[in-house]
Each structure stands twice: as structure tokens, then as C-alpha cells.
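final-v3.cif (mmCIF, C-alpha atoms)
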```cif
data_query
loop_
_atom_site.label_atom_id
_atom_site.label_comp_id
_atom_site.auth_asym_id
_atom_site.auth_seq_id
_atom_site.Cartn_x
_atom_site.Cartn_y
_atom_site.Cartn_z
CA MET A 1 -157.56 48.25 -62.34
CA ARG A 2 -160.35 45.70 -62.63
CA LEU A 3 -159.36 44.99 -66.25
CA LEU A 4 -155.75 44.41 -65.20
CA PHE A 5 -156.95 42.09 -62.44
CA LEU A 6 -159.07 40.03 -64.83
CA LEU A 7 -156.24 39.84 -67.36
CA LEU A 8 -153.89 38.62 -64.65
CA VAL A 9 -156.32 35.89 -63.61
CA LEU A 10 -156.83 34.78 -67.21
CA VAL A 11 -153.09 34.61 -67.85
CA ASN A 12 -152.54 32.60 -64.67
CA VAL A 13 -155.32 30.13 -65.45
CA ALA A 14 -154.16 29.81 -69.06
CA PHE A 15 -150.64 29.08 -67.87
CA TYR A 16 -151.95 26.41 -65.53
CA ALA A 17 -153.91 24.81 -68.36
CA TYR A 18 -150.84 24.89 -70.60
CA ALA A 19 -148.65 23.29 -67.92
CA PHE A 20 -151.27 20.63 -67.27
CA MET A 21 -151.66 19.76 -70.97
CA ALA A 22 -147.89 19.70 -71.49
CA ARG A 23 -147.53 17.28 -68.63
CA GLN A 24 -150.24 15.05 -70.02
CA GLN A 25 -148.58 15.15 -73.46
CA ASP A 26 -145.22 14.13 -71.95
CA SER A 27 -146.89 11.19 -70.22
CA ALA A 28 -148.52 10.13 -73.48
CA GLN A 29 -145.18 10.31 -75.32
CA ASN A 30 -143.60 8.08 -72.67
CA ARG A 31 -146.35 5.49 -73.13
CA ILE A 32 -145.94 5.57 -76.93
CA SER A 33 -142.16 5.12 -76.71
CA GLN A 34 -142.65 2.05 -74.52
CA LEU A 35 -144.78 0.45 -77.24
CA GLN A 36 -142.27 1.06 -80.08
CA ILE A 37 -140.19 -1.87 -81.36
CA ASN A 38 -136.39 -1.62 -81.43
CA PRO A 39 -135.21 -3.25 -84.71
CA ASP A 40 -131.77 -4.20 -83.30
CA LYS A 41 -133.47 -6.42 -80.71
CA VAL A 42 -135.57 -8.39 -83.22
CA ARG A 43 -134.25 -11.96 -83.80
CA LEU A 44 -135.23 -14.52 -86.47
CA LEU A 45 -136.62 -17.87 -85.29
CA GLN A 46 -134.48 -20.93 -86.00
CA SER A 47 -135.78 -23.35 -88.64
CA ALA A 48 -137.03 -26.74 -87.51
CA GLY A 49 -133.89 -28.55 -88.82
CA GLY A 50 -131.42 -26.25 -87.14
CA ALA A 51 -133.21 -25.93 -83.85
CA ARG A 52 -131.35 -28.95 -82.37
CA ASP A 53 -127.94 -27.51 -83.20
CA ALA A 54 -128.60 -24.01 -81.96
CA ALA A 55 -127.75 -23.11 -78.42
CA PRO A 56 -130.77 -22.02 -76.45
CA GLN A 57 -131.11 -18.31 -76.35
CA LYS A 58 -131.20 -16.65 -72.96
CA PRO A 59 -133.97 -14.14 -72.53
CA ALA A 60 -132.75 -10.59 -72.94
CA PRO A 61 -132.64 -8.70 -69.66
CA ALA A 62 -135.46 -6.29 -69.18
CA ALA A 63 -134.50 -2.71 -69.93
CA ALA A 64 -134.28 -0.51 -66.90
CA ASP A 65 -137.10 1.95 -66.58
CA ASN A 66 -135.38 5.28 -66.17
CA THR A 67 -138.52 7.33 -66.59
CA THR A 68 -139.53 9.58 -63.72
CA ALA A 69 -142.99 10.76 -62.91
CA ALA A 70 -143.77 14.28 -64.03
CA PRO A 71 -144.13 16.73 -61.13
CA ALA A 72 -147.70 17.34 -60.06
CA ALA A 73 -149.25 20.68 -60.98
CA CYS A 74 -150.34 23.04 -58.21
CA ILE A 75 -152.04 26.37 -57.87
CA GLU A 76 -150.13 28.67 -55.50
CA TRP A 77 -152.03 31.36 -53.62
CA GLY A 78 -150.21 33.94 -51.51
CA LEU A 79 -148.57 35.70 -49.89
CA PHE A 80 -150.28 36.32 -46.55
CA ALA A 81 -149.04 37.84 -43.29
CA GLY A 82 -150.46 39.08 -40.00
CA PRO A 83 -154.24 38.74 -39.58
CA ASP A 84 -154.60 37.79 -43.25
CA VAL A 85 -153.14 34.36 -42.43
CA ALA A 86 -156.13 33.42 -40.27
CA ARG A 87 -158.54 34.80 -42.87
CA ALA A 88 -156.82 32.86 -45.66
CA ASP A 89 -156.88 29.68 -43.55
CA ALA A 90 -160.64 30.08 -43.20
CA ALA A 91 -161.04 30.73 -46.95
CA ILE A 92 -159.08 27.59 -47.85
CA THR A 93 -160.99 25.50 -45.31
CA GLY A 94 -164.24 26.77 -46.82
CA LEU A 95 -163.35 25.10 -50.13
CA GLY A 96 -163.87 21.69 -48.52
CA LEU A 97 -160.84 20.14 -50.25
CA PRO A 98 -159.24 16.85 -49.13
CA GLN A 99 -156.58 17.53 -46.53
CA ASP A 100 -153.80 15.88 -48.55
CA SER A 101 -154.46 18.14 -51.57
CA VAL A 102 -153.65 21.39 -49.74
CA GLN A 103 -150.21 22.39 -48.49
CA ARG A 104 -149.70 25.41 -46.23
CA THR A 105 -146.13 26.66 -46.44
CA VAL A 106 -144.20 29.34 -44.59
CA VAL A 107 -142.09 31.04 -47.26
CA GLY A 108 -139.07 33.32 -47.19
CA ALA A 109 -139.55 36.74 -45.67
CA GLY A 110 -137.68 38.72 -48.33
CA GLY A 111 -139.71 41.07 -50.49
CA TYR A 112 -141.28 44.52 -50.47
CA TRP A 113 -143.61 46.18 -48.00
CA VAL A 114 -146.09 49.04 -48.40
CA TYR A 115 -146.79 50.67 -45.03
CA LEU A 116 -147.26 53.78 -42.96
CA PRO A 117 -144.20 54.59 -40.82
CA PRO A 118 -144.44 53.83 -37.09
CA LEU A 119 -146.60 56.15 -34.99
CA LYS A 120 -145.79 57.14 -31.41
CA THR A 121 -148.98 56.19 -29.57
CA LYS A 122 -151.97 53.88 -29.88
CA ALA A 123 -154.21 56.93 -30.06
CA GLU A 124 -152.36 58.11 -33.17
CA VAL A 125 -152.66 54.65 -34.66
CA GLY A 126 -156.42 54.66 -34.07
CA ARG A 127 -156.85 58.07 -35.70
CA LYS A 128 -154.76 57.01 -38.71
CA ILE A 129 -156.80 53.83 -39.17
CA ASP A 130 -160.02 55.88 -39.12
CA GLU A 131 -158.51 58.19 -41.72
CA LEU A 132 -157.52 55.27 -43.94
CA LYS A 133 -161.06 53.91 -43.77
CA THR A 134 -162.38 57.21 -45.14
CA PHE A 135 -160.14 56.58 -48.17
CA GLY A 136 -161.57 53.08 -48.57
CA VAL A 137 -158.47 51.32 -47.21
CA THR A 138 -159.51 48.57 -44.80
CA ASP A 139 -157.06 45.73 -45.55
CA LEU A 140 -154.33 46.57 -43.03
CA PHE A 141 -152.78 45.55 -39.74
CA VAL A 142 -150.72 47.21 -37.03
CA VAL A 143 -147.23 45.81 -36.45
CA GLN A 144 -146.79 44.75 -32.81
CA ASP A 145 -143.11 43.89 -33.04
CA PRO A 146 -140.60 45.78 -30.88
CA ALA A 147 -139.12 49.08 -32.08
CA PRO A 148 -138.23 50.41 -34.56
CA LEU A 149 -141.27 49.01 -36.43
CA ARG A 150 -143.80 48.91 -33.61
CA ASN A 151 -147.05 50.75 -34.50
CA ALA A 152 -146.28 50.81 -38.21
CA ILE A 153 -149.40 50.11 -40.28
CA SER A 154 -148.91 47.44 -42.93
CA LEU A 155 -150.96 47.88 -46.11
CA GLY A 156 -149.52 45.23 -48.41
CA ILE A 157 -146.72 42.69 -48.94
CA PHE A 158 -145.24 41.94 -52.37
CA LYS A 159 -142.57 39.72 -53.88
CA THR A 160 -141.35 42.37 -56.34
CA GLU A 161 -140.60 46.07 -56.15
CA GLU A 162 -142.77 46.61 -59.23
CA GLY A 163 -145.82 45.12 -57.49
CA ALA A 164 -145.24 47.26 -54.41
CA GLN A 165 -144.86 50.45 -56.45
CA LYS A 166 -148.07 49.80 -58.43
CA PHE A 167 -149.97 49.25 -55.20
CA LEU A 168 -148.46 52.41 -53.72
CA GLU A 169 -149.58 54.43 -56.77
CA GLY A 170 -153.11 53.11 -56.28
CA LEU A 171 -153.08 54.24 -52.64
CA ARG A 172 -151.91 57.70 -53.61
CA GLY A 173 -154.70 57.87 -56.14
CA LYS A 174 -157.13 57.32 -53.24
CA GLY A 175 -155.54 60.15 -51.27
CA VAL A 176 -153.14 58.20 -49.00
CA ARG A 177 -150.00 60.36 -49.06
CA SER A 178 -147.95 59.07 -46.13
CA ALA A 179 -147.56 55.47 -47.32
CA VAL A 180 -144.13 54.30 -48.45
CA ALA A 181 -142.71 51.21 -50.15
CA ALA A 182 -139.46 49.61 -48.97
CA ARG A 183 -137.49 46.40 -48.97
CA ARG A 184 -138.63 44.15 -46.13
CA GLU A 185 -136.36 41.63 -44.44
CA ASN A 186 -137.21 38.90 -41.95
CA PHE A 187 -139.74 40.49 -39.66
CA LEU A 188 -143.07 39.26 -41.03
CA ARG A 189 -144.02 35.63 -41.43
CA GLN A 190 -145.52 34.94 -44.84
CA VAL A 191 -147.71 32.00 -45.78
CA ALA A 192 -148.56 30.53 -49.18
CA TYR A 193 -151.02 27.76 -50.05
CA PHE A 194 -150.51 25.08 -52.71
CA VAL A 195 -153.53 23.20 -54.05
CA ARG A 196 -152.58 19.98 -55.84
CA GLU A 197 -154.15 19.12 -59.22
CA PRO A 198 -157.11 21.52 -58.83
CA THR A 199 -160.19 21.22 -60.98
CA GLU A 200 -161.56 24.14 -62.97
CA ALA A 201 -164.18 24.64 -60.27
CA VAL A 202 -161.52 24.89 -57.57
CA VAL A 203 -159.50 27.41 -59.64
CA ALA A 204 -162.65 29.48 -60.09
CA SER A 205 -163.40 29.37 -56.35
CA LEU A 206 -159.86 30.45 -55.47
CA THR A 207 -160.09 33.31 -57.96
CA GLU A 208 -163.32 34.43 -56.30
CA ARG A 209 -161.72 34.38 -52.84
CA GLN A 210 -158.66 36.24 -54.10
CA ARG A 211 -160.79 39.38 -54.46
CA GLU A 212 -161.02 39.56 -50.68
CA PHE A 213 -157.21 39.78 -50.40
CA PRO A 214 -155.79 42.72 -52.39
CA GLY A 215 -152.16 42.09 -53.27
CA SER A 216 -152.41 38.29 -53.18
CA GLU A 217 -151.55 36.33 -56.32
CA ILE A 218 -152.74 33.08 -57.87
CA LYS A 219 -150.40 31.26 -60.24
CA ALA A 220 -149.69 27.79 -61.63
CA VAL A 221 -146.51 26.13 -60.38
CA ALA A 222 -144.98 22.68 -59.92
CA CYS A 223 -145.97 21.31 -56.54
CA PRO A 224 -143.27 21.69 -53.85
CA ALA A 225 -141.08 18.63 -53.36
CA ASN A 226 -141.81 18.56 -49.65
CA ASP A 227 -145.50 17.77 -49.25
CA ALA A 228 -145.51 18.18 -45.51
CA ALA A 229 -147.75 21.01 -44.40
CA LYS A 230 -146.19 23.63 -42.15
#
```
Just dump the structure as C-alpha cells.
Amino acid sequence: MRLLFLLLVLVNVAFYAYAFMARQQDSAQNRISQLQINPDKVRLLQSAGGARDAAPQKPAPAAADNTTAAPAACIEWGLFAGPDVARADAAITGLGLPQDSVQRTVVGAGGYWVYLPPLKTKAEVGRKIDELKTFGVTDLFVVQDPAPLRNAISLGIFKTEEGAQKFLEGLRGKGVRSAVAARRENFLRQVAYFVREPTEAVVASLTERQREFPGSEIKAVACPANDAAK
């Protein structure tokens, strides 16, 4: 599992580096094209004798600049729900980044959920949490929403069914037999963070903090069009 984790981080960071270099290359190509001469716009100067007879040439209108700025590159870190949101907020704040370089976004609630089905009483919930701790499972929270999900114990949230199933297999390997994975719709708020144009040191720091949040992902993406934090 640790090898898979490290490979995932390396692939994500490599993709970010590739996207960043490609963007820089595009910008360089734009600058080069602006310096190239268009032969059809080159005109010969009139000779001294014919200058009086030639009508003055009007300056050619400046060509419209249709180039658009390349989208900024961001590192996305997520997804977080329940108590993990406050913990992730603290982790991001601990990086000491400028406020305008970090965007906190509430994302769509569709995805997959690994959880223990709802229990009847708080006493049962307490006993189940103690049991999970004996298996080494401590990253969890109890759903407080009204029935039918009240007192379910959430163990992980994932964008894909494949990610949820892999996590579920890991839990079963630890001895957790009652956990299930299912499609989850619109009952848990999820939060993602976007860090604009991060340095290598920032990427490394985020990767270090990711270890405290099993199931979270770090990946390189284009920065969201709406820069307003939510």
C-alpha cells in the first residue's frame, strides 16, 4: 500500500510539472510568433525621385491581439467532509500561503461512500468506534443527519467506485467486516482546496499533510475559473 501511495504521489507531481512546462512552452511560442516578420506586409521604400509623386502611405492598422492567457496551474487537494474539513482547514492554514493563492471550494456531493450502516443507539455507536480503534481505524465520523442515515459511521469518501472498493478491501484486510461501499448522493458536504502556482516546496508540504487524511487525493489541474473562495 505504501508503494502504491508513493507511486500515486510521483505521478501526480510529474503531471503537474508536465502541465507547468507545457504552459510555459506555449507562452514562449506566442512570444516567438509575435517577433516573426510577415513577408506580405513588407513594403519597398520609394526612391528619392519618385517620393514626390507617390501618395503618402497610411500606417497599417495594428493587428488585433487574439491571444488569451493560459490558465493558471493549481494543485487540488480533496475531498473532505465532516470533521475532516476543520482539520484540513488547519493544515492549509499551517502552510502560511498568501490568502489569494488558496481557494476553498464546496464541490458536488455525488460519489461513493464507505461506511458502517446506522446503529440504533449512541451506546452501540460508542462500542463500534472502540472496536474500530482496535483494528487501527481512527479516521471516521458519526453521521448526525436525520434518519435513515443517523448514527452511520463514515470511514471514507471517494469520487470513483474503484477508489471506494480498494479502500473497502483494505478495511476487510484489517478485520473490519461490517463496512460497505455505496453510491452517495447529496447528504455530505465535500470541500476541496486549490493552491495556485505552487512551488516544489509547497507541493512537498501538501504531500506530507496528505498522509494524515487517508482517502484524500492530490492532483494537478487548471485553476477554477471562479477564484472566489467559498
Counting all atoms listed in the file, select every polymer residue within 7 Å of (-137.9, 46.3, -52.8) as defined in the file's coordinates, and provide the selection as an mmCIF file with C-alpha atoms, in the coordinates of the input.
```cif
data_model
loop_
_atom_site.group_PDB
_atom_site.id
_atom_site.type_symbol
_atom_site.label_atom_id
_atom_site.label_comp_id
_atom_site.auth_asym_id
_atom_site.auth_seq_id
_atom_site.Cartn_x
_atom_site.Cartn_y
_atom_site.Cartn_z
ATOM 1 C CA GLY A 111 -139.710 41.070 -50.490
ATOM 2 C CA TYR A 112 -141.280 44.520 -50.470
ATOM 3 C CA THR A 160 -141.350 42.370 -56.340
ATOM 4 C CA GLU A 161 -140.600 46.070 -56.150
ATOM 5 C CA ALA A 182 -139.460 49.610 -48.970
ATOM 6 C CA ARG A 183 -137.490 46.400 -48.970
#
```
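Considering all atoms listed in the file, the residue among A:Lys174, A:Ala225, A:Asp145, A:Ser101 positioned nearest to Glu131 of chain A is A:Lys174.
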Task: Result set of the PyMOL selection byres ((chain A and resi 83-98) around 12) on the coordinates above, as number ranges by chain - done: A: 76-82, 99-106, 138-144, 154-157, 188-199, 201-216
Once 6 Å is added on each side, what are the centre and the three edge lengths, in Å to one decimal, of the axis-aligned box enclosing the listed atoms of segment 191-208 of chain A? Present them as AutoDock Vina command-line options.
```
--center_x -155.9 --center_y 26.8 --center_z -54.4 --size_x 28.5 --size_y 27.3 --size_z 29.2
```
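Note that the spacing between atom CA of Val176 of chain A and atom CA of Phe158 of chain A amounts to 18.4 Å.
Relative to atom CA of Ala164 of chain A, atom CA of Ala123 of chain A is found at 27.7 Å.
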TODO: Mind checking which residues fall within 9 Å of Val180 of chain A, counting all atoms listed in the file, ignoring those fewer than 5 positions away in the same chain, and posting them as a PyMOL selection string?
DONE: chain A and resi 113-117+165+168
Mind writing the picked residues with C-alpha atoms as a compact mmCIF listing (two decimals), keeping the file's coordinate frame?
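Full text of again.txt as output:
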```
# COMPACT_ATOMS: atom_id res chain seq x y z
CA TRP A 113 -143.61 46.18 -48.00
CA VAL A 114 -146.09 49.04 -48.40
CA TYR A 115 -146.79 50.67 -45.03
CA LEU A 116 -147.26 53.78 -42.96
CA PRO A 117 -144.20 54.59 -40.82
CA GLN A 165 -144.86 50.45 -56.45
CA LEU A 168 -148.46 52.41 -53.72
```
